[in-house]
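Chemist: What follows is the file target.tsv, containing TSV, N, CA and C atoms:
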```tsv
chain	number	residue	atom	x	y	z
A	773	MET	N	-44.38	40.13	-36.55
A	773	MET	CA	-44.27	39.56	-37.88
A	773	MET	C	-42.83	39.65	-38.37
A	774	LEU	N	-42.20	40.78	-38.07
A	774	LEU	CA	-40.82	40.95	-38.50
A	774	LEU	C	-39.91	39.93	-37.83
A	775	ALA	N	-40.10	39.71	-36.54
A	775	ALA	CA	-39.29	38.73	-35.82
A	775	ALA	C	-39.53	37.32	-36.36
A	776	SER	N	-40.76	37.02	-36.70
A	776	SER	CA	-41.10	35.70	-37.25
A	776	SER	C	-40.38	35.48	-38.58
A	777	GLN	N	-40.44	36.46	-39.44
A	777	GLN	CA	-39.79	36.35	-40.75
A	777	GLN	C	-38.26	36.28	-40.59
A	778	PHE	N	-37.73	37.07	-39.67
A	778	PHE	CA	-36.29	37.04	-39.43
A	778	PHE	C	-35.85	35.67	-38.91
A	779	ALA	N	-36.65	35.07	-38.05
A	779	ALA	CA	-36.33	33.75	-37.51
A	779	ALA	C	-36.28	32.70	-38.62
A	780	VAL	N	-37.19	32.78	-39.56
A	780	VAL	CA	-37.21	31.83	-40.67
A	780	VAL	C	-35.97	32.02	-41.55
A	781	PHE	N	-35.55	33.27	-41.75
A	781	PHE	CA	-34.33	33.53	-42.51
A	781	PHE	C	-33.11	32.99	-41.77
A	782	VAL	N	-33.08	33.16	-40.47
A	782	VAL	CA	-31.96	32.65	-39.67
A	782	VAL	C	-31.89	31.13	-39.78
A	783	ILE	N	-33.03	30.47	-39.83
A	783	ILE	CA	-33.06	29.02	-40.02
A	783	ILE	C	-32.41	28.65	-41.35
A	784	LEU	N	-32.70	29.42	-42.39
A	784	LEU	CA	-32.09	29.14	-43.70
A	784	LEU	C	-30.57	29.30	-43.65
A	785	VAL	N	-30.10	30.39	-43.05
A	785	VAL	CA	-28.66	30.62	-42.97
A	785	VAL	C	-28.01	29.54	-42.10
A	786	GLY	N	-28.64	29.19	-41.00
A	786	GLY	CA	-28.10	28.13	-40.15
A	786	GLY	C	-28.04	26.80	-40.86
A	787	THR	N	-29.05	26.51	-41.65
A	787	THR	CA	-29.07	25.27	-42.42
A	787	THR	C	-27.97	25.27	-43.47
A	788	LEU	N	-27.77	26.40	-44.12
A	788	LEU	CA	-26.68	26.51	-45.10
A	788	LEU	C	-25.34	26.18	-44.46
A	789	ARG	N	-25.08	26.77	-43.32
A	789	ARG	CA	-23.79	26.56	-42.66
A	789	ARG	C	-23.68	25.16	-42.09
A	790	ALA	N	-24.77	24.60	-41.59
A	790	ALA	CA	-24.74	23.25	-41.02
A	790	ALA	C	-24.47	22.19	-42.08
A	791	VAL	N	-24.98	22.41	-43.28
A	791	VAL	CA	-24.77	21.46	-44.37
A	791	VAL	C	-23.34	21.56	-44.91
A	792	GLY	N	-22.71	22.71	-44.69
A	792	GLY	CA	-21.33	22.85	-45.14
A	792	GLY	C	-21.14	23.84	-46.26
A	793	VAL	N	-22.16	24.62	-46.57
A	793	VAL	CA	-22.03	25.65	-47.60
A	793	VAL	C	-21.28	26.82	-46.97
A	794	LYS	N	-20.12	27.12	-47.50
A	794	LYS	CA	-19.26	28.17	-46.94
A	794	LYS	C	-19.77	29.55	-47.35
A	795	PRO	N	-19.45	30.57	-46.55
A	795	PRO	CA	-19.83	31.94	-46.93
A	795	PRO	C	-19.23	32.38	-48.26
A	796	SER	N	-18.12	31.77	-48.67
A	796	SER	CA	-17.54	32.11	-49.98
A	796	SER	C	-18.37	31.54	-51.13
A	797	GLU	N	-19.15	30.48	-50.84
A	797	GLU	CA	-20.02	29.90	-51.88
A	797	GLU	C	-21.35	30.64	-51.95
A	798	VAL	N	-22.01	30.80	-50.80
A	798	VAL	CA	-23.28	31.52	-50.73
A	798	VAL	C	-23.18	32.46	-49.53
A	799	SER	N	-23.11	33.76	-49.80
A	799	SER	CA	-23.01	34.75	-48.72
A	799	SER	C	-24.38	34.96	-48.07
A	800	VAL	N	-24.38	35.69	-46.98
A	800	VAL	CA	-25.64	36.00	-46.29
A	800	VAL	C	-26.54	36.84	-47.19
A	801	VAL	N	-25.96	37.74	-47.95
A	801	VAL	CA	-26.74	38.58	-48.88
A	801	VAL	C	-27.38	37.72	-49.96
A	802	GLU	N	-26.61	36.77	-50.50
A	802	GLU	CA	-27.17	35.87	-51.52
A	802	GLU	C	-28.24	34.96	-50.92
A	803	ALA	N	-28.02	34.51	-49.68
A	803	ALA	CA	-29.04	33.70	-49.00
A	803	ALA	C	-30.30	34.52	-48.80
A	804	PHE	N	-30.15	35.80	-48.47
A	804	PHE	CA	-31.31	36.67	-48.30
A	804	PHE	C	-32.05	36.85	-49.63
A	805	ALA	N	-31.30	36.97	-50.71
A	805	ALA	CA	-31.93	37.10	-52.04
A	805	ALA	C	-32.71	35.83	-52.38
A	806	ALA	N	-32.14	34.66	-52.11
A	806	ALA	CA	-32.83	33.40	-52.39
A	806	ALA	C	-34.06	33.27	-51.51
A	807	TRP	N	-33.93	33.63	-50.23
A	807	TRP	CA	-35.06	33.55	-49.30
A	807	TRP	C	-36.16	34.51	-49.71
A	808	SER	N	-35.80	35.73	-50.12
A	808	SER	CA	-36.79	36.70	-50.58
A	808	SER	C	-37.54	36.20	-51.81
A	809	LEU	N	-36.81	35.55	-52.70
A	809	LEU	CA	-37.43	34.99	-53.90
A	809	LEU	C	-38.48	33.95	-53.53
A	810	ILE	N	-38.15	33.04	-52.63
A	810	ILE	CA	-39.12	32.00	-52.30
A	810	ILE	C	-40.29	32.56	-51.50
A	811	ARG	N	-40.06	33.60	-50.70
A	811	ARG	CA	-41.17	34.22	-49.97
A	811	ARG	C	-42.14	34.88	-50.96
A	812	ALA	N	-41.59	35.53	-51.97
A	812	ALA	CA	-42.43	36.17	-52.99
A	812	ALA	C	-43.18	35.13	-53.80
A	813	LEU	N	-42.51	34.06	-54.21
A	813	LEU	CA	-43.17	33.01	-54.98
A	813	LEU	C	-44.23	32.29	-54.15
A	814	GLY	N	-43.97	32.15	-52.86
A	814	GLY	CA	-44.93	31.48	-51.98
A	814	GLY	C	-46.22	32.25	-51.82
A	815	SER	N	-46.20	33.54	-52.10
A	815	SER	CA	-47.41	34.35	-51.98
A	815	SER	C	-48.32	34.20	-53.20
A	816	ILE	N	-47.81	33.64	-54.27
A	816	ILE	CA	-48.62	33.39	-55.47
A	816	ILE	C	-49.30	32.03	-55.29
A	817	PRO	N	-50.61	31.99	-55.32
A	817	PRO	CA	-51.32	30.73	-55.02
A	817	PRO	C	-51.30	29.72	-56.16
A	818	ILE	N	-50.11	29.20	-56.48
A	818	ILE	CA	-50.00	28.16	-57.51
A	818	ILE	C	-50.31	26.80	-56.89
A	819	THR	N	-49.67	26.52	-55.77
A	819	THR	CA	-49.92	25.28	-55.02
A	819	THR	C	-50.14	25.67	-53.56
A	820	PRO	N	-50.85	24.87	-52.79
A	820	PRO	CA	-51.05	25.18	-51.38
A	820	PRO	C	-49.72	25.24	-50.63
A	821	GLY	N	-49.48	26.34	-49.94
A	821	GLY	CA	-48.25	26.50	-49.18
A	821	GLY	C	-47.01	26.68	-50.04
A	822	GLY	N	-47.18	26.81	-51.34
A	822	GLY	CA	-46.04	26.96	-52.24
A	822	GLY	C	-45.22	25.69	-52.39
A	823	PHE	N	-45.79	24.55	-52.00
A	823	PHE	CA	-45.04	23.29	-52.06
A	823	PHE	C	-44.65	22.97	-53.49
A	824	GLY	N	-43.41	22.61	-53.66
A	824	GLY	CA	-42.87	22.29	-54.97
A	824	GLY	C	-42.26	23.50	-55.63
A	825	ILE	N	-42.99	24.58	-55.69
A	825	ILE	CA	-42.52	25.81	-56.33
A	825	ILE	C	-41.38	26.42	-55.51
A	826	GLU	N	-41.60	26.54	-54.19
A	826	GLU	CA	-40.58	27.14	-53.34
A	826	GLU	C	-39.32	26.29	-53.28
A	827	GLU	N	-39.48	24.98	-53.23
A	827	GLU	CA	-38.31	24.09	-53.19
A	827	GLU	C	-37.48	24.22	-54.46
A	828	LEU	N	-38.15	24.23	-55.60
A	828	LEU	CA	-37.46	24.37	-56.88
A	828	LEU	C	-36.75	25.71	-56.97
A	829	ALA	N	-37.42	26.78	-56.56
A	829	ALA	CA	-36.82	28.11	-56.63
A	829	ALA	C	-35.63	28.24	-55.69
A	830	LEU	N	-35.76	27.74	-54.46
A	830	LEU	CA	-34.66	27.84	-53.51
A	830	LEU	C	-33.46	27.03	-53.96
A	831	THR	N	-33.71	25.81	-54.42
A	831	THR	CA	-32.61	24.98	-54.90
A	831	THR	C	-31.92	25.63	-56.09
A	832	GLY	N	-32.68	26.12	-57.03
A	832	GLY	CA	-32.10	26.78	-58.20
A	832	GLY	C	-31.31	28.03	-57.84
A	833	ALA	N	-31.84	28.82	-56.91
A	833	ALA	CA	-31.14	30.04	-56.51
A	833	ALA	C	-29.83	29.71	-55.80
A	834	LEU	N	-29.86	28.72	-54.92
A	834	LEU	CA	-28.64	28.35	-54.20
A	834	LEU	C	-27.57	27.80	-55.14
A	835	VAL	N	-27.99	27.00	-56.11
A	835	VAL	CA	-27.04	26.49	-57.10
A	835	VAL	C	-26.50	27.64	-57.94
A	836	GLY	N	-27.37	28.56	-58.30
A	836	GLY	CA	-26.94	29.73	-59.07
A	836	GLY	C	-25.95	30.60	-58.33
A	837	PHE	N	-26.07	30.66	-57.01
A	837	PHE	CA	-25.16	31.47	-56.21
A	837	PHE	C	-23.86	30.75	-55.87
A	838	GLY	N	-23.76	29.44	-56.13
A	838	GLY	CA	-22.48	28.77	-55.93
A	838	GLY	C	-22.50	27.49	-55.12
A	839	ALA	N	-23.64	27.10	-54.56
A	839	ALA	CA	-23.70	25.84	-53.81
A	839	ALA	C	-23.73	24.68	-54.80
A	840	SER	N	-23.23	23.53	-54.37
A	840	SER	CA	-23.32	22.36	-55.24
A	840	SER	C	-24.76	21.86	-55.27
A	841	ASN	N	-25.06	21.03	-56.26
A	841	ASN	CA	-26.43	20.50	-56.39
A	841	ASN	C	-26.86	19.75	-55.13
A	842	ALA	N	-25.99	18.87	-54.63
A	842	ALA	CA	-26.33	18.07	-53.45
A	842	ALA	C	-26.52	18.95	-52.22
A	843	GLU	N	-25.65	19.93	-52.04
A	843	GLU	CA	-25.78	20.84	-50.90
A	843	GLU	C	-27.06	21.65	-50.98
A	844	ALA	N	-27.38	22.14	-52.16
A	844	ALA	CA	-28.59	22.96	-52.34
A	844	ALA	C	-29.84	22.15	-52.05
A	845	VAL	N	-29.89	20.92	-52.53
A	845	VAL	CA	-31.06	20.07	-52.27
A	845	VAL	C	-31.16	19.74	-50.78
A	846	ALA	N	-30.02	19.43	-50.15
A	846	ALA	CA	-30.03	19.12	-48.72
A	846	ALA	C	-30.49	20.32	-47.91
A	847	VAL	N	-29.97	21.50	-48.22
A	847	VAL	CA	-30.38	22.71	-47.51
A	847	VAL	C	-31.87	22.95	-47.68
A	848	THR	N	-32.35	22.81	-48.90
A	848	THR	CA	-33.77	23.06	-49.17
A	848	THR	C	-34.66	22.10	-48.40
A	849	LEU	N	-34.34	20.83	-48.42
A	849	LEU	CA	-35.18	19.85	-47.72
A	849	LEU	C	-35.16	20.04	-46.21
A	850	ILE	N	-33.99	20.30	-45.65
A	850	ILE	CA	-33.89	20.52	-44.21
A	850	ILE	C	-34.60	21.81	-43.81
A	851	TYR	N	-34.39	22.86	-44.58
A	851	TYR	CA	-35.04	24.15	-44.30
A	851	TYR	C	-36.56	24.02	-44.33
A	852	ARG	N	-37.08	23.37	-45.37
A	852	ARG	CA	-38.54	23.24	-45.47
A	852	ARG	C	-39.08	22.36	-44.34
A	853	PHE	N	-38.35	21.31	-43.97
A	853	PHE	CA	-38.77	20.46	-42.86
A	853	PHE	C	-38.85	21.29	-41.58
A	854	LEU	N	-37.80	22.07	-41.31
A	854	LEU	CA	-37.75	22.84	-40.07
A	854	LEU	C	-38.77	23.97	-40.02
A	855	THR	N	-39.21	24.45	-41.16
A	855	THR	CA	-40.17	25.56	-41.17
A	855	THR	C	-41.62	25.11	-41.34
A	856	VAL	N	-41.84	23.89	-41.81
A	856	VAL	CA	-43.22	23.43	-42.04
A	856	VAL	C	-43.68	22.44	-40.97
A	857	VAL	N	-42.88	21.44	-40.67
A	857	VAL	CA	-43.32	20.36	-39.77
A	857	VAL	C	-43.65	20.83	-38.37
A	858	PRO	N	-42.84	21.67	-37.71
A	858	PRO	CA	-43.23	22.11	-36.36
A	858	PRO	C	-44.58	22.82	-36.33
A	859	THR	N	-44.84	23.63	-37.34
A	859	THR	CA	-46.13	24.32	-37.41
A	859	THR	C	-47.28	23.33	-37.54
A	860	LEU	N	-47.11	22.32	-38.37
A	860	LEU	CA	-48.14	21.30	-38.53
A	860	LEU	C	-48.37	20.51	-37.25
A	861	VAL	N	-47.30	20.15	-36.57
A	861	VAL	CA	-47.42	19.39	-35.33
A	861	VAL	C	-48.14	20.22	-34.26
A	862	ILE	N	-47.76	21.47	-34.11
A	862	ILE	CA	-48.42	22.34	-33.14
A	862	ILE	C	-49.90	22.50	-33.48
A	863	GLY	N	-50.21	22.66	-34.75
A	863	GLY	CA	-51.60	22.77	-35.18
A	863	GLY	C	-52.40	21.51	-34.89
A	864	LEU	N	-51.80	20.34	-35.13
A	864	LEU	CA	-52.48	19.08	-34.83
A	864	LEU	C	-52.72	18.90	-33.34
A	865	VAL	N	-51.72	19.24	-32.54
A	865	VAL	CA	-51.89	19.15	-31.08
A	865	VAL	C	-52.97	20.12	-30.61
A	866	ALA	N	-52.96	21.33	-31.14
A	866	ALA	CA	-53.97	22.31	-30.76
A	866	ALA	C	-55.37	21.84	-31.16
A	867	ALA	N	-55.50	21.26	-32.34
A	867	ALA	CA	-56.80	20.77	-32.79
A	867	ALA	C	-57.27	19.59	-31.94
A	868	ALA	N	-56.34	18.72	-31.57
A	868	ALA	CA	-56.70	17.54	-30.78
A	868	ALA	C	-57.09	17.90	-29.35
A	869	THR	N	-56.52	18.97	-28.83
A	869	THR	CA	-56.79	19.34	-27.44
A	869	THR	C	-57.72	20.55	-27.32
A	870	TYR	N	-58.34	20.93	-28.39
A	870	TYR	CA	-59.17	22.14	-28.40
A	870	TYR	C	-60.28	22.09	-27.36
A	871	ARG	N	-60.95	20.98	-27.26
A	871	ARG	CA	-62.09	20.88	-26.34
A	871	ARG	C	-61.72	20.43	-24.94
A	872	LEU	N	-60.49	20.05	-24.71
A	872	LEU	CA	-60.08	19.63	-23.38
A	872	LEU	C	-60.06	20.83	-22.44
A	873	GLY	N	-60.57	20.63	-21.23
A	873	GLY	CA	-60.55	21.69	-20.25
A	873	GLY	C	-61.68	22.67	-20.36
A	874	ARG	N	-62.52	22.54	-21.36
A	874	ARG	CA	-63.69	23.42	-21.49
A	874	ARG	C	-64.86	22.77	-20.77
A	875	PRO	N	-65.65	23.55	-20.06
A	875	PRO	CA	-66.79	22.94	-19.37
A	875	PRO	C	-67.80	22.40	-20.39
A	876	LYS	N	-68.36	21.26	-20.04
A	876	LYS	CA	-69.36	20.67	-20.94
A	876	LYS	C	-70.69	21.38	-20.74
A	877	LYS	N	-71.42	21.50	-21.83
A	877	LYS	CA	-72.73	22.14	-21.75
A	877	LYS	C	-73.69	21.18	-21.04
A	878	PRO	N	-74.50	21.70	-20.12
A	878	PRO	CA	-75.45	20.83	-19.43
A	878	PRO	C	-76.54	20.33	-20.38
A	879	VAL	N	-76.95	19.10	-20.18
A	879	VAL	CA	-78.01	18.52	-20.99
A	879	VAL	C	-79.33	18.95	-20.36
A	880	ARG	N	-80.20	19.51	-21.16
A	880	ARG	CA	-81.49	19.98	-20.67
A	880	ARG	C	-82.56	18.96	-20.98
A	881	ALA	N	-83.45	18.79	-20.03
A	881	ALA	CA	-84.58	17.86	-20.22
A	881	ALA	C	-85.61	18.49	-21.14
A	882	ALA	N	-86.40	17.65	-21.79
A	882	ALA	CA	-87.45	18.13	-22.67
A	882	ALA	C	-88.43	18.94	-21.86
A	883	GLY	N	-88.84	20.05	-22.39
A	883	GLY	CA	-89.81	20.90	-21.74
A	883	GLY	C	-89.17	22.04	-20.93
A	884	GLU	N	-87.87	21.98	-20.70
A	884	GLU	CA	-87.20	23.07	-20.00
A	884	GLU	C	-87.02	24.24	-20.94
A	885	PRO	N	-86.97	25.44	-20.41
A	885	PRO	CA	-86.76	26.60	-21.28
A	885	PRO	C	-85.40	26.49	-21.99
A	886	GLY	N	-85.40	26.88	-23.23
A	886	GLY	CA	-84.18	26.85	-24.02
A	886	GLY	C	-84.00	25.59	-24.82
A	887	THR	N	-84.94	24.64	-24.77
A	887	THR	CA	-84.80	23.40	-25.55
A	887	THR	C	-85.64	23.43	-26.78
```
Is it possible to express this structure as structure tokens?

Modeler:
Amino acid sequence: MLASQFAVFVILVGTLRAVGVKPSEVSVVEAFAAWSLIRALGSIPITPGGFGIEELALTGALVGFGASNAEAVAVTLIYRFLTVVPTLVIGLVAAATYRLGRPKKPVRAAGEPGT
């Protein structure tokens, strides 16, 4: 669980740097504070998956720490895409292939035991 959470935080920091937010604008400590805020807000069941609430909180925190409005919105959208979409795709593939490779149950004739 710790590695999973750390990986999601690393995605946020990587997204910040890829968009062009410099460490002088938003440091790693400030990014951790923003990430911690959205993780805490996401645990409150206001909307499913924290959609809308987490985006607003992350964007606001990043702007508050020094990122420009455009950079904060870009970071938030890319971060949420990278953390939500792969999970959904894997879940859809798993659901679609759930019954593949499982032996089919034999059809029993009427009157056989177990029918």

Chemist: Hey, what does DSSP flag as helix (DSSP H, G or I) within chain A? Can you give it to me as a VMD selection string?

Modeler: chain A and resid 774 to 791 800 to 814 820 to 822 825 to 837 841 to 868

Chemist: One decimal, Å: what's the distance from CA of Gly836 (chain A) over to CA of Ile818 (chain A), could you say?

Modeler: 23.2 Å

Chemist: Using only C-alpha atoms, which residues sit within 12 Å of Gln777 (chain A) once same-chain residues fewer than 3 positions away are excluded, as a PDB file with N, CA and C atoms, keeping the file's coordinate frame?

Modeler:
```
ATOM      1  N   MET A 773     -44.380  40.130 -36.550  1.00  0.00           N
ATOM      2  CA  MET A 773     -44.270  39.560 -37.880  1.00  0.00           C
ATOM      3  C   MET A 773     -42.830  39.650 -38.370  1.00  0.00           C
ATOM      4  N   LEU A 774     -42.200  40.780 -38.070  1.00  0.00           N
ATOM      5  CA  LEU A 774     -40.820  40.950 -38.500  1.00  0.00           C
ATOM      6  C   LEU A 774     -39.910  39.930 -37.830  1.00  0.00           C
ATOM      7  N   VAL A 780     -37.190  32.780 -39.560  1.00  0.00           N
ATOM      8  CA  VAL A 780     -37.210  31.830 -40.670  1.00  0.00           C
ATOM      9  C   VAL A 780     -35.970  32.020 -41.550  1.00  0.00           C
ATOM     10  N   PHE A 781     -35.550  33.270 -41.750  1.00  0.00           N
ATOM     11  CA  PHE A 781     -34.330  33.530 -42.510  1.00  0.00           C
ATOM     12  C   PHE A 781     -33.110  32.990 -41.770  1.00  0.00           C
ATOM     13  N   VAL A 782     -33.080  33.160 -40.470  1.00  0.00           N
ATOM     14  CA  VAL A 782     -31.960  32.650 -39.670  1.00  0.00           C
ATOM     15  C   VAL A 782     -31.890  31.130 -39.780  1.00  0.00           C
ATOM     16  N   ILE A 783     -33.030  30.470 -39.830  1.00  0.00           N
ATOM     17  CA  ILE A 783     -33.060  29.020 -40.020  1.00  0.00           C
ATOM     18  C   ILE A 783     -32.410  28.650 -41.350  1.00  0.00           C
ATOM     19  N   LEU A 784     -32.700  29.420 -42.390  1.00  0.00           N
ATOM     20  CA  LEU A 784     -32.090  29.140 -43.700  1.00  0.00           C
ATOM     21  C   LEU A 784     -30.570  29.300 -43.650  1.00  0.00           C
ATOM     22  N   PHE A 804     -30.150  35.800 -48.470  1.00  0.00           N
ATOM     23  CA  PHE A 804     -31.310  36.670 -48.300  1.00  0.00           C
ATOM     24  C   PHE A 804     -32.050  36.850 -49.630  1.00  0.00           C
ATOM     25  N   TRP A 807     -33.930  33.630 -50.230  1.00  0.00           N
ATOM     26  CA  TRP A 807     -35.060  33.550 -49.300  1.00  0.00           C
ATOM     27  C   TRP A 807     -36.160  34.510 -49.710  1.00  0.00           C
ATOM     28  N   SER A 808     -35.800  35.730 -50.120  1.00  0.00           N
ATOM     29  CA  SER A 808     -36.790  36.700 -50.580  1.00  0.00           C
ATOM     30  C   SER A 808     -37.540  36.200 -51.810  1.00  0.00           C
ATOM     31  N   ARG A 811     -40.060  33.600 -50.700  1.00  0.00           N
ATOM     32  CA  ARG A 811     -41.170  34.220 -49.970  1.00  0.00           C
ATOM     33  C   ARG A 811     -42.140  34.880 -50.960  1.00  0.00           C
ATOM     34  N   THR A 855     -39.210  24.450 -41.160  1.00  0.00           N
ATOM     35  CA  THR A 855     -40.170  25.560 -41.170  1.00  0.00           C
ATOM     36  C   THR A 855     -41.620  25.110 -41.340  1.00  0.00           C
TER      37      THR A 855
END
```

Chemist: Please compute the atom C of Ser815 (chain A)-CA of Val835 (chain A) distance, one decimal, in Å.

Modeler: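 Going from atom C of Ser815 (chain A) over to CA of Val835 (chain A), I get 23.0 Å.
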
Chemist: Tell me, as an NGL selection string, which residues lie within 6.5 Å of region 822-834 of chain A, counting all atoms listed in the file; anything in the same chain fewer than 3 positions away does not count.

Modeler: :A and (806 or 810 or 813-814 or 818-819 or 837-840 or 844-845 or 848)

Chemist: What's the separation between CA of Leu849 (chain A) and CA of Ala868 (chain A), in Å to one decimal place?

Modeler: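 Those two atoms sit 27.5 Å apart.
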